[in-house]
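Report on the following structure.
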Amino acid sequence: MTRSALLSIVAASLLASVAFAAVRPRYGGILRLTTGVAPVSVDPANSTIDTLATRNIYRLMFDTLVVLDTRGKPQPALATSWQAEPGDQRWHFQLRPGLTFQDGTAIGADAVAASLRAANASWKIFPTGNGMDIECQSPEPSLPAQLALPAYGIAKRTAAKLAASGAFAITRWDPGKKLTLTARDDYWRGRAFVDSIEIEMGKSSRDQMIALDLNQADVVEIPADQARRATAEGRHIANAGVDLLALVFSRDARSADESKLRDALAMGIDRSAINNGLLQAQGEPAGTLLPNWMTGYAFLFPAGLNLAGARRMRAETLAVSSWSLGYDSADPLSRIIAERIALNAHDAGLTLQLANSAPPDLRLQRLPLDSLEPHVAITRLAAKTGTLLPKLGDDSPSSLYAAEAALLQSKRIIPLLHVRNSLGLGADVRNWMSDRDGTWHLEDVWLGAEKP
Amino acid sequence: MSFRRKLLAVFALTVSVSVGSVAWIVLVLSRHAFERADAERTAALVAQFRREFQRRGQDVVRRVEAIATSESVTRIALALNRSAPDYSSYVGEARALAESQHLDFLELIDAQSVIISSAQRAARFGYREESLNFSSLPGDAFLKSEELADGARLALSSVREVRVGDKSLYVVGGQRVDENFLASLELPTGMRAMFYQNLGTGFSPPLLIDASGVVRRAEPLATLIKEVQEQRKEGETNIHWSSDAADDEIVHAIPLAGQNDQLLGILLVGNARRPYVELRRHIRYAALLAGSAGIVLAIVFSGWAAARVIRPVEQLADAAREVAAGNWSTQVAVTSADELGELAESFNHMTKELLQQREHLVQAERVAAWRELARRLAHELKNPLFPLQLTVENLIRARQHSPEQFDEVFRESSSTLLAEIANLKAIISRFSEFSKMPQPQFQRVQLNEIAQNVCRLFQAPEDGKRIDFKLELAEQMPEIAADPDLLHRALSNLVLNALDAMPDGGKLSIRTYQKGGLACIEISDSGVGLTPEECQRLFTPYYTTKTHGTGLGLAIVQSVISDHGGRISVRSEPGHGAAFLIELPRNLDKLEAAQQARSTSNAYS
């Protein structure tokens with residue numbers, strides 16, 4: 001081997017080691033998150049704020065019995081297996097042995113049962129050795145997927161504090177302001193890469209963006225209308241889940257004329273303009289509650305502008321349409337979209353008055369898709385909007401289609417857009433991953449450089 | 001009303017009217033001056049506000065110009081030249097640009113009037129802007145109505161065209177004309193700006209704003225606003241916000257039109273009148289105070305001046321009263337050399353002349369009285385002398401011619417001579433008695449008692465005449481100091497005269513009463529009465545209307561009454577009787593003098 005060849009081999013080895021070092025996971029560091037929400041409690045059973053951020057914060061602290069894979073299929077977590085009795089009303093779950101809460105106490109059947117009872121009082125839960133039986137009030141074929149929701153995270157509740165069962169332990173909690181979590185070394189799936197996570201709460205979008213630019217935050221929320229600009233300005237933007245933007249009426253239509261007016265409104269809204277202009281193409285026009293990638297039938301429901309049809313529908317009825325439209329007054333984008341909807345409605349011959357003082361006739365709502373499992377997701381959406389979901393016969397696609405079609409036919413909900421959630425990531429954040437339902441995997445994230 | 005008061009009233013009235021007139025003139029002149037100054041100030045303020053409004057408009061023009069020439073707008077204008085421009089990328093541009101230039105409104109509009117981006121209403125992108133006429137763009141700022149989700153707003157706007165290639169991009173920016181806009185105007189103290197947003201028909205109070213928001217009481221301005229709405233020209237009125245004139249405000253209304261000459265707003269410039277009203281009040285109070293002080297001083301001065309003028313006159317009046325009371329020797333001091341001084345000198349001269357005249361008169365009367373007395377005395381003495389002469393001559397003839405009868409004649413003549421001599425002695429004795437009238441010895445007496453005694457003495461007539469005595473005595477008659485004997489003698493004399501005047505009987509009344517501190521007694525009869533001439537001479541010594549009598553009775557009565565400091569008068573008509581009235585002072589001060597005199601005489605006796 002010549003000298004030059006030897007040098008070449010050494011140089012190649014050094015380059016290879018550097019390249020490996022760049023992708024090799026690294027332990028340590030503090031991951032800093034900011035969010036606009038400011039919950040006063042981190043107990044998932046007492047959650048009053050349901051956003052992408054809160055759901056993922058719960059997941060950091062509280063493991064669920066089951067998790068969903070990318071296809072929405074239940075996978076073992078704290079429960080290793082489960083079995084439904086005939087009729088899908090009573091289920092048996094077998095717990096993973098040897099697990100502990102952050103205070104060292106075992107995650108036994110009794111503790112899990114107590115945690116689930118706090119989350120859903122209608123269930124009858126019977127601990128059975130290292131497992132438990134859950135008896136629902138009605139058949140629940142998708143109970144395992146339902147138990148994957150963050151609301152059913154397992155927590156040990158004492159009078160003073162909560163004990164986490166997940167990858168991170170609660171170190172400090174300043175309600176509504178800051179939450180500090182520390183990686184648990186004894187976590188059953190292995191220790192997270194970062195040492196701790198600091199979550200600043202109640203921050204405005206502007207403050208979050210400034211914190212990101214000043215490297216004072218590693219993960220921030222980016223409003224949909226600013227995601228494109230942020231990307232164009234060179235920031236690292238990650239998509240994290242989809243929310244449904246919809247108009248939700250406060251009550252059922254009382255007459256055929258009112259149903260026609262609601263149809264006219266649904267047809268008269270220019271969803272594409274809202275998406276392209278106001279949301280900067282961060283969403284997709286929606287004619288259904290669940291996105292097409294989840295159900296496969298959403299394309300059957302029209303989502304385009306049909307102003308002529310809307311006007312014709314409006315002209316078919318002599319009923320007076322003057323609705324008050326509510327929106328999230330804390331969200332400037334929500335107000336602008338509501339204004340646009342009012343303009344579109346005016347074009348169709350309908351009158352919408354923006355109002356937030358009194359309970360409005362209909363409200364512009366942004367609803368997170370809680371689960372990748374469509375039956376659970378639509379059930380949750382129906383629950384959040386206060387609408388009655390027709391009974392799901394089974395967990396088949398046809399049953400889901402029939403239920404959603406019936407729900408839309410009730411005219412209580414007008415789907416508008418499926419809006420992607422965006423997060424701004426700092427330059428040091430490595431291995432960021434999130435599921436299509438917006439679930440973060442922060443336990444797999446590591447930081448590329450030491451923090452000062 | 002006394003002359004002093006009249007003079008004081010005239011002086012005070014004259015001075016008060018003068019001072020009041022001056023105060024009124026000052027007030028009127030000051031009011032006119034203030035009104036003129038007020039109008040000038042309002043005009044100046046309105047002009048200042050116009051400049052301020054114009055300056056703000058120029059500021060908006062500059063800001064819009066800055067945006068129109070910015071890189072962002074140029075980039076958007078360039079994008080418009082592409083075959084299929086994507087407007088959605090620029091929806092949020094207007095808001096960022098507006099924030100950069102502190103504009104409340106900003107819209108980016110393409111040549112087809114399609115809104116590319118709107119800061120004030122982002123939801124309007126893709127819609128057409130119908131309210132602007134882009135074919136004739138104004139260079140200056142103009143008023144524009146902006147349709148927002150919660151209603152229309154007014155803006156001071158400007159439009160700039162950005163032309164890149166063959167496509168135009170219009171930048172329409174403005175600032176909201178609201179309470180903040182009004183508050184940002186630099187206005188002098190006492191002035192405020194209000195703005196009526198003419199966004200509907202008629203007058204709507206919530207559309208009237210000032211620097212603090214919606215004007216709470218807009219109704220008083222409704223008339224002015226409606227007037228401007230109808231006539232489209234400036235107006236001005238004085239608004240009475242309350243019954244207090246200090247709350248008044250002169251409001252000048254300026255119509256503001258938009259690009260299409262549409263009346264979009266009415267600017268109301270209020271000029272508070274409080275400083276003027278209060279200043280005017282101060283002047284009024286000062287004038288009133290000065291006027292009041294002037295009137296008071298006028299009264300004081302008038303009093304002093306009147307006193308200065310009146311005092312000599314009053315002294316003259318007092319002196320005249322003294323003269324009227326009989327003190328003819330009264331003199332007044334001559335204190336000045338003016339007309340009053342001359343009047344005083346004349347008065348003194350007059351009293352001096354009166355005194356001299358009286359002396360002459362007294363002397364003449366005295367001479368006349370003595371002549372009369374001599375005549376009467378001669379007459380009285382002549383009557384007995386003639387028989388004496390005849391008796392003596394008869395004795396002489398009897399001795400010469402009839403000595404035998406001489407003794408008998410002598411006896412008869414002697415008795416006659418003695419009788420006539422006795423008569424002469426009686427005449428001389430009465431004359432002597434009259435000349436020796438004693439001085440009254442004062443003591444406390446009751447006039448009623450003396451009257452009763454006199455009445456009792458003469459109630460039983462000696463000659464059988466039918467005399468109807470009537471005694472009327474006052475119930476409460478004060479004691480007086482008098483000599484009871486002399487009074488009794490005087491009254492008796494009067495009663496005797498009355499009886500003599502009624503030879504055939506009649507009525508005789510004695511009445512006592514009080515009058516002004518005087519004790520009065522009146523003796524009246526129903527006799528033959530007296531003629532005025534008789535009344536005048538009645539008290540003259542030796543004057544009598546009777547066939548018998550010496551004529552000294554009433555003279556003695558007058559003397560007695562006079563010695564008591566009193567007065568006697570007679571009232572009579574022939575055939576209707578006569579009434580003698582005696583007025584006596586109480587003379588209580590003479591009691592002490594009498595007692596002292598008595599004690600002194602006792603001490604030496």
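Each chain in the structure tokens gets a letter, A, B, ..., in the order shown, and its residues are numbered from 1; ligands are numbered from 1 in order too.
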
Contact check, chain A to chain B, at most 9 Å, counting only C-alpha atoms, closest pairs as a tab-separated table:
residue	atom	partner	partner_atom	distance
A:Asp225	CA	B:Gly92	CA	8.3
A:Gln226	CA	B:Gly92	CA	8.9
A:Arg228	CA	B:Ser89	CA	8.7
A:Arg229	CA	B:Ser89	CA	8.8
A:Ala273	CA	B:Ser88	CA	7.8
A:Ile274	CA	B:Ala123	CA	8.1
A:Asn275	CA	B:Ser88	CA	8.9
A:Asn276	CA	B:Ser88	CA	5.5
A:Gly277	CA	B:Ser88	CA	4.2
A:Leu278	CA	B:Val91	CA	6.8
A:Gln280	CA	B:Ser88	CA	6.8
A:Ala281	CA	B:Ser88	CA	8.5
A:Ile336	CA	B:Ala123	CA	5.5
A:Ile337	CA	B:Ala123	CA	6.5
A:Ala338	CA	B:Ala123	CA	8.2
A:Glu339	CA	B:Ala123	CA	5.8
A:Arg340	CA	B:Ala123	CA	4.5
A:Ile341	CA	B:Ala123	CA	8.2
A:Ala342	CA	B:Ala149	CA	8.4
A:Leu343	CA	B:Arg124	CA	7.6
A:Gln353	CA	B:Asp150	CA	8.1
A:Leu354	CA	B:Asp150	CA	7.4

Item to check | Surrounding residues of region 132-134 of chain A excluding itself and chain neighbours under 4 positions, 9 Å, only C-alpha atoms, as a list in words | outcome: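 The filter keeps Gln89, Arg90, Trp91, His92, Phe93, Gln94, Leu95, Ala109, Asp110, Val112, Ala113, Trp123, Lys124, Ile125, Phe126, Pro127 and Thr128 of chain A.
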
Go ahead and write the selection's residues with N, CA and C atoms as a tab-separated table (two decimals), in the first residue's frame.
chain	number	residue	atom	x	y	z
A	89	GLN	N	-68.79	-4.96	24.59
A	89	GLN	CA	-69.16	-4.04	25.67
A	89	GLN	C	-68.21	-4.19	26.86
A	90	ARG	N	-67.65	-5.37	27.01
A	90	ARG	CA	-66.71	-5.62	28.13
A	90	ARG	C	-65.39	-6.06	27.54
A	91	TRP	N	-64.36	-5.38	28.03
A	91	TRP	CA	-63.02	-5.65	27.52
A	91	TRP	C	-62.10	-6.00	28.68
A	92	HIS	N	-61.13	-6.89	28.36
A	92	HIS	CA	-60.11	-7.24	29.35
A	92	HIS	C	-58.75	-6.77	28.84
A	93	PHE	N	-58.04	-6.06	29.70
A	93	PHE	CA	-56.70	-5.56	29.36
A	93	PHE	C	-55.70	-6.17	30.33
A	94	GLN	N	-54.58	-6.62	29.76
A	94	GLN	CA	-53.51	-7.19	30.57
A	94	GLN	C	-52.40	-6.15	30.66
A	95	LEU	N	-52.01	-5.82	31.89
A	95	LEU	CA	-51.04	-4.75	32.09
A	95	LEU	C	-49.62	-5.25	31.96
A	109	ALA	N	-52.90	-2.67	38.70
A	109	ALA	CA	-54.27	-2.66	38.17
A	109	ALA	C	-55.15	-1.65	38.92
A	110	ASP	N	-54.96	-1.63	40.23
A	110	ASP	CA	-55.79	-0.71	41.02
A	110	ASP	C	-55.50	0.75	40.63
A	112	VAL	N	-54.26	1.89	37.82
A	112	VAL	CA	-54.75	2.16	36.47
A	112	VAL	C	-56.27	2.33	36.49
A	113	ALA	N	-56.92	1.45	37.24
A	113	ALA	CA	-58.38	1.53	37.32
A	113	ALA	C	-58.82	2.87	37.90
A	123	TRP	N	-67.66	4.23	32.94
A	123	TRP	CA	-67.12	2.87	32.79
A	123	TRP	C	-67.09	2.17	34.14
A	124	LYS	N	-67.37	0.88	34.06
A	124	LYS	CA	-67.18	0.05	35.25
A	124	LYS	C	-65.88	-0.72	35.07
A	125	ILE	N	-64.97	-0.54	36.00
A	125	ILE	CA	-63.62	-1.10	35.85
A	125	ILE	C	-63.38	-2.08	37.00
A	126	PHE	N	-62.94	-3.27	36.62
A	126	PHE	CA	-62.73	-4.31	37.63
A	126	PHE	C	-61.28	-4.79	37.54
A	127	PRO	N	-60.43	-4.44	38.51
A	127	PRO	CA	-59.05	-4.95	38.51
A	127	PRO	C	-59.06	-6.47	38.68
A	128	THR	N	-58.25	-7.11	37.91
A	128	THR	CA	-58.17	-8.57	37.98
A	128	THR	C	-56.71	-8.96	37.97

Next on the checklist: Considering only alpha helix (DSSP H) as DSSP defines it on the backbone, what residues of region 95-216 of chain A qualify? List them as a ChimeraX atom specification.
Outcome noted: /A:109-119,143-146,205-213

Checklist entry - Among region 79-200 of chain A, which ones does DSSP place in strand (DSSP E or B), written as JSON, numbers by chain? => result {"A": [79, 80, 81, 82, 83, 84, 90, 91, 92, 93, 94, 95, 100, 106, 124, 125, 126, 127, 128, 131, 132, 133, 134, 135, 156, 157, 162, 163, 168, 169, 170, 171, 172, 173, 174, 178, 179, 180, 181, 182, 183, 196, 197, 198, 199, 200]}

Item to check | Atomic distance CA of Ile239 (chain B) - CA of Leu208 (chain B), expressed in Å with one decimal | outcome: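 These two atoms are separated by 15.1 Å.
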
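Atom pair CA of Ala217 (chain A) / CA of Ala192 (chain A) has a distance of 18.8 Å (rounded to one decimal).
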
Applying 12 Å and only C-alpha atoms, which residues near Leu388 (chain A) remain after dropping the ones on its own chain fewer than 6 positions away? List them as a PDB file with N, CA and C atoms, in the first residue's frame.
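Produced file part39.pdb, reproduced below:
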ATOM      1  N   ARG A 251     -77.865  24.627  17.134  1.00  0.00           N
ATOM      2  CA  ARG A 251     -79.031  23.752  17.253  1.00  0.00           C
ATOM      3  C   ARG A 251     -79.343  23.160  15.886  1.00  0.00           C
ATOM      4  N   ASP A 252     -80.237  22.187  15.889  1.00  0.00           N
ATOM      5  CA  ASP A 252     -80.643  21.574  14.620  1.00  0.00           C
ATOM      6  C   ASP A 252     -81.514  22.548  13.831  1.00  0.00           C
ATOM      7  N   ILE A 378     -64.120  10.675  14.707  1.00  0.00           N
ATOM      8  CA  ILE A 378     -65.421  11.298  14.402  1.00  0.00           C
ATOM      9  C   ILE A 378     -66.316  11.315  15.641  1.00  0.00           C
ATOM     10  N   THR A 379     -66.146  10.289  16.469  1.00  0.00           N
ATOM     11  CA  THR A 379     -66.913  10.314  17.719  1.00  0.00           C
ATOM     12  C   THR A 379     -66.507  11.504  18.577  1.00  0.00           C
ATOM     13  N   ARG A 380     -65.203  11.727  18.633  1.00  0.00           N
ATOM     14  CA  ARG A 380     -64.709  12.856  19.424  1.00  0.00           C
ATOM     15  C   ARG A 380     -65.172  14.196  18.825  1.00  0.00           C
ATOM     16  N   LEU A 381     -65.131  14.274  17.482  1.00  0.00           N
ATOM     17  CA  LEU A 381     -65.580  15.508  16.835  1.00  0.00           C
ATOM     18  C   LEU A 381     -67.051  15.779  17.131  1.00  0.00           C
ATOM     19  N   ALA A 382     -67.849  14.727  17.040  1.00  0.00           N
ATOM     20  CA  ALA A 382     -69.279  14.885  17.317  1.00  0.00           C
ATOM     21  C   ALA A 382     -69.491  15.332  18.752  1.00  0.00           C
ATOM     22  N   ALA A 403     -72.272   6.979   9.027  1.00  0.00           N
ATOM     23  CA  ALA A 403     -72.405   7.837  10.214  1.00  0.00           C
ATOM     24  C   ALA A 403     -72.057   9.282   9.873  1.00  0.00           C
ATOM     25  N   GLU A 404     -70.961   9.473   9.131  1.00  0.00           N
ATOM     26  CA  GLU A 404     -70.561  10.852   8.828  1.00  0.00           C
ATOM     27  C   GLU A 404     -71.548  11.502   7.876  1.00  0.00           C
ATOM     28  N   ALA A 406     -74.683  10.913   7.635  1.00  0.00           N
ATOM     29  CA  ALA A 406     -75.862  11.278   8.423  1.00  0.00           C
ATOM     30  C   ALA A 406     -75.593  12.507   9.266  1.00  0.00           C
ATOM     31  N   LEU A 407     -74.376  12.579   9.796  1.00  0.00           N
ATOM     32  CA  LEU A 407     -74.021  13.735  10.624  1.00  0.00           C
ATOM     33  C   LEU A 407     -74.039  15.029   9.803  1.00  0.00           C
ATOM     34  N   LEU A 408     -73.493  14.942   8.604  1.00  0.00           N
ATOM     35  CA  LEU A 408     -73.482  16.127   7.733  1.00  0.00           C
ATOM     36  C   LEU A 408     -74.888  16.477   7.282  1.00  0.00           C
ATOM     37  N   GLN A 409     -75.685  15.448   7.094  1.00  0.00           N
ATOM     38  CA  GLN A 409     -77.048  15.687   6.654  1.00  0.00           C
ATOM     39  C   GLN A 409     -77.888  16.410   7.713  1.00  0.00           C
ATOM     40  N   SER A 410     -77.454  16.289   8.937  1.00  0.00           N
ATOM     41  CA  SER A 410     -78.184  16.977  10.007  1.00  0.00           C
ATOM     42  C   SER A 410     -78.018  18.491   9.933  1.00  0.00           C
ATOM     43  N   LYS A 411     -77.072  18.965   9.097  1.00  0.00           N
ATOM     44  CA  LYS A 411     -76.818  20.412   8.885  1.00  0.00           C
ATOM     45  C   LYS A 411     -76.316  21.116  10.143  1.00  0.00           C
ATOM     46  N   ARG A 412     -75.881  20.366  11.099  1.00  0.00           N
ATOM     47  CA  ARG A 412     -75.352  21.019  12.298  1.00  0.00           C
ATOM     48  C   ARG A 412     -73.921  21.493  12.086  1.00  0.00           C
ATOM     49  N   ILE A 413     -73.210  20.800  11.209  1.00  0.00           N
ATOM     50  CA  ILE A 413     -71.807  21.141  10.999  1.00  0.00           C
ATOM     51  C   ILE A 413     -71.566  21.391   9.513  1.00  0.00           C
TER      52      ILE A 413
END

Item to check | Residue contacts of Leu187 (chain B) (9 Å, only C-alpha atoms) excluding same-chain residues fewer than 5 positions away, as a ChimeraX atom specification | outcome: /B:45,48-49,52,192-193

May I have the residues from that selection written out with N, CA, C and O atoms, as a PDB file, in the first residue's frame?
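selection-v4.pdb, written as the output of this step:
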ATOM      1  N   LEU B  45     -59.048  79.650  15.459  1.00  0.00           N
ATOM      2  CA  LEU B  45     -58.962  78.241  15.834  1.00  0.00           C
ATOM      3  C   LEU B  45     -59.407  77.344  14.687  1.00  0.00           C
ATOM      4  O   LEU B  45     -58.815  76.290  14.435  1.00  0.00           O
ATOM      5  N   GLN B  48     -56.700  77.239  12.350  1.00  0.00           N
ATOM      6  CA  GLN B  48     -55.629  76.386  12.870  1.00  0.00           C
ATOM      7  C   GLN B  48     -56.000  74.912  12.714  1.00  0.00           C
ATOM      8  O   GLN B  48     -55.173  74.076  12.363  1.00  0.00           O
ATOM      9  N   PHE B  49     -57.288  74.624  13.011  1.00  0.00           N
ATOM     10  CA  PHE B  49     -57.717  73.244  12.863  1.00  0.00           C
ATOM     11  C   PHE B  49     -57.625  72.798  11.406  1.00  0.00           C
ATOM     12  O   PHE B  49     -57.218  71.672  11.124  1.00  0.00           O
ATOM     13  N   GLU B  52     -54.177  72.010  10.777  1.00  0.00           N
ATOM     14  CA  GLU B  52     -53.814  70.760  11.432  1.00  0.00           C
ATOM     15  C   GLU B  52     -54.383  69.573  10.647  1.00  0.00           C
ATOM     16  O   GLU B  52     -53.711  68.566  10.440  1.00  0.00           O
ATOM     17  N   ARG B 192     -62.056  72.168  21.276  1.00  0.00           N
ATOM     18  CA  ARG B 192     -62.150  70.726  21.079  1.00  0.00           C
ATOM     19  C   ARG B 192     -62.710  70.459  19.693  1.00  0.00           C
ATOM     20  O   ARG B 192     -63.393  71.304  19.100  1.00  0.00           O
ATOM     21  N   ALA B 193     -62.332  69.297  19.219  1.00  0.00           N
ATOM     22  CA  ALA B 193     -62.786  68.916  17.887  1.00  0.00           C
ATOM     23  C   ALA B 193     -63.733  67.732  18.017  1.00  0.00           C
ATOM     24  O   ALA B 193     -63.472  66.805  18.773  1.00  0.00           O
TER      25      ALA B 193
END

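The shell of residues at most 6 Å from Ile467 (chain B), with only C-alpha atoms counted and near chain neighbours (fewer than 5 positions) removed, consists of Gly505, Gly506 and Lys507 of chain B.
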
Checklist entry - By how many Å are CA of Ile222 (chain A) and CA of Leu279 (chain A) apart? => result 11.6 Å

Item to check | Selection: 7 Å around Ala164 (chain A), only C-alpha atoms, excl. self and same-chain fewer than 2 positions, as a VMD selection string | outcome: chain A and resid 61 to 62 101 to 102 155 to 156 162 166 169 to 170

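Neighbouring residues of region 358-361 of chain A at 10 Å or closer, counting only C-alpha atoms and skipping chain neighbours under 4 positions away, are A:Val248, A:Phe249, A:Ser250, A:Arg251, A:Ser322, A:Trp323, A:Ser324, A:Leu325, A:Gly326, A:Tyr327, A:Leu352, A:Gln353, A:Leu354.
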
Dump of C-alpha atoms for the selected residues, as a CSV table (one decimal), in the first residue's frame:
chain,number,residue,atom,x,y,z
A,248,VAL,CA,-71.1,24.5,14.0
A,249,PHE,CA,-74.7,25.5,14.5
A,250,SER,CA,-75.9,25.7,18.0
A,251,ARG,CA,-79.0,23.8,17.3
A,322,SER,CA,-79.7,36.6,9.8
A,323,TRP,CA,-77.3,34.6,11.9
A,324,SER,CA,-74.8,35.6,14.4
A,325,LEU,CA,-71.4,34.1,13.8
A,326,GLY,CA,-69.1,33.5,16.7
A,327,TYR,CA,-65.4,32.9,16.6
A,352,LEU,CA,-74.0,36.8,9.0
A,353,GLN,CA,-73.2,39.2,11.8
A,354,LEU,CA,-70.0,38.7,13.7

Next on the checklist: Taking only C-alpha atoms into account, name the residue in A:Pro150, A:Ser329, A:Val445, A:Pro291 that is nearest to Val67 (chain A).
Outcome noted: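 Residue with the minimum atom-to-atom distance to Val67 (chain A): A:Pro150.
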